[in-house]
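J.: Submitted below is the structure of interest, expressed as structure tokens.
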Amino acid sequence: MKNEIKDIKKTGRELAQDDIVKFLKKKKRGVMIKTLNWSGPLRSRIWAFAAMLKGYFSFGEFCRLLLPLSFGEKLELMDRYDAFLCEELKKECHGSSDNSVNLFGHKFGGQNFYEVVRVINDVIISDQYHANKFLKKASVVIDAGAHIGVFSIFAANLALCSRIYSFEPVVKTFEFLKENTGYYPQITCVNYGLGNEVSQKNIFVGSIYPSGSVFEDSPFYSGKSDGRECESVNVSTIDAFVADNGIPHVDFIKMDTEGYEAKILKGARETIKKWKPVISMSAYHNSNDKEELPKIIKEICSDYVCELHHDREEDFICYVKK
């Protein structure tokens, strides 16, 4: 551990001494950390009001920020809002430098400090995908929409003999994923997306929050770029990946793919039918997700139970009772 910290200091990126998971679990925390688990609309309004009081916005800009405008229409305001969130969180997460934290004894970073802390809080502290309940010691896991690797790393720490395949199509985000998971030999990072066919597609990448990147044919895509850059990426299916790589079984599939969940399920029919993995996935991106996603799963295998949970966001936990 000491040698690891020395190596990081040489690059000018010091590892924070306090583990972020232990810090987030403490009862004595700052206002920003305490309000992370509040409902999204209430939390956003309170944070925007606090940003106004600290001089980030005028009263008129504060009011505009709360209006139902598209992200692109208030992009300049969001830049300042993001700066406020990052600066305030860095004050509360003592020992952090740049956009990195100490996660389970290793440096973990991303493009946006707020997003780093928020995702760790949602995925690990709130356990929104119910990994503690369903992951076994030697589980084979597919992480669709791995982002910067929080769930993959959490799974690797819970299931020490596991094999985890982490899919992330966006180039810059994938670089963070590779760096963050480099300490875990059981994690394999794959730089393409998952869907219902093997193809090449355009994806629109969020400049501030890369986790909001969306495929051009996703039902979640509004038809507007809203300040996003466009990348051309490779897409495959879970069935094709499993067959091509001779994967012996799949036990757990996690999906958070900005409205692409239904397409990924359709591209995983044989995998689901054969091994009946636990499927933990987002259920809020599209208006019909709550009806369509369980329907697709039950058409593939009628033995599945699909439970809708509200631990952080709305997520389906789907499994076969044994």
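Residue numbering restarts at 1 for every chain of the structure tokens, chains are lettered A, B, ... in their displayed order, and ligands are numbered from 1 as they appear.
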Identify, on the basis of only C-alpha atoms, every residue whose closest approach to Ile33 in chain A does not exceed 8 Å; exclude the query and any residue fewer than 3 positions from it along the same chain; express the result as a list in words.
T.: Leu24, Arg29, Gly30, Leu36, Leu89 and Glu92 of chain A
J.: Write out as a Markdown table a residue-level contact list of range 251-274 of chain A versus range 280-303 of chain A with cut-off 8 Å: for each qualifying residue the closest pair of atoms and the distance in Å to one decimal, counting only C-alpha atoms, rows sorted by chain and residue number upward.
T.:
| residue | atom | partner | partner_atom | distance |
| --- | --- | --- | --- | --- |
| A:Phe252 | CA | A:Ser280 | CA | 7.7 |
| A:Ile253 | CA | A:Ser280 | CA | 6.2 |
| A:Lys254 | CA | A:Ser280 | CA | 4.8 |
| A:Met255 | CA | A:Met281 | CA | 4.5 |
| A:Asp256 | CA | A:Ser282 | CA | 5.3 |
| A:Thr257 | CA | A:Ser282 | CA | 7.7 |
| A:Glu258 | CA | A:His285 | CA | 6.0 |
| A:Gly259 | CA | A:His285 | CA | 5.0 |
| A:Glu261 | CA | A:Met281 | CA | 7.3 |
| A:Ala262 | CA | A:Leu293 | CA | 6.0 |
| A:Leu265 | CA | A:Ile296 | CA | 7.2 |
| A:Lys266 | CA | A:Ile296 | CA | 7.4 |
| A:Arg269 | CA | A:Ile300 | CA | 6.3 |
| A:Ile272 | CA | A:Ile300 | CA | 7.2 |
| A:Lys273 | CA | A:Cys301 | CA | 6.0 |
J.: Hey, what does DSSP flag as helix (DSSP H, G or I) within range 155-233 of chain A? Can you give it to me as a ChimeraX atom specification?
T.: /A:155-158,171-180,210-212
J.: Pull C-alpha atoms from the residues just selected and write them as a PDB file, in the first residue's frame.
T.:
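Generated file (again-v1.pdb):
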ATOM      1  CA  ALA A 155     -18.755  -7.194  -7.627  1.00  0.00           C
ATOM      2  CA  ALA A 156     -15.052  -8.118  -7.610  1.00  0.00           C
ATOM      3  CA  ASN A 157     -14.841  -7.304  -3.887  1.00  0.00           C
ATOM      4  CA  LEU A 158     -17.997  -9.274  -3.061  1.00  0.00           C
ATOM      5  CA  VAL A 171     -13.799   5.856 -25.564  1.00  0.00           C
ATOM      6  CA  LYS A 172     -12.988   8.374 -22.835  1.00  0.00           C
ATOM      7  CA  THR A 173     -15.163   6.628 -20.261  1.00  0.00           C
ATOM      8  CA  PHE A 174     -13.581   3.306 -21.213  1.00  0.00           C
ATOM      9  CA  GLU A 175     -10.139   4.745 -20.448  1.00  0.00           C
ATOM     10  CA  PHE A 176     -11.286   5.511 -16.885  1.00  0.00           C
ATOM     11  CA  LEU A 177     -12.847   2.044 -16.657  1.00  0.00           C
ATOM     12  CA  LYS A 178      -9.570   0.366 -17.659  1.00  0.00           C
ATOM     13  CA  GLU A 179      -7.518   2.456 -15.240  1.00  0.00           C
ATOM     14  CA  ASN A 180      -9.916   2.004 -12.327  1.00  0.00           C
ATOM     15  CA  PRO A 210     -20.729  10.752 -19.561  1.00  0.00           C
ATOM     16  CA  SER A 211     -23.090   8.290 -17.863  1.00  0.00           C
ATOM     17  CA  GLY A 212     -25.887   9.992 -19.820  1.00  0.00           C
TER      18      GLY A 212
END
J.: Rounded to one decimal, what separation in Å do you get between CA of Phe316 in chain A and CA of Gln128 in chain A?
T.: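 Between these atoms lies a distance of 9.7 Å.
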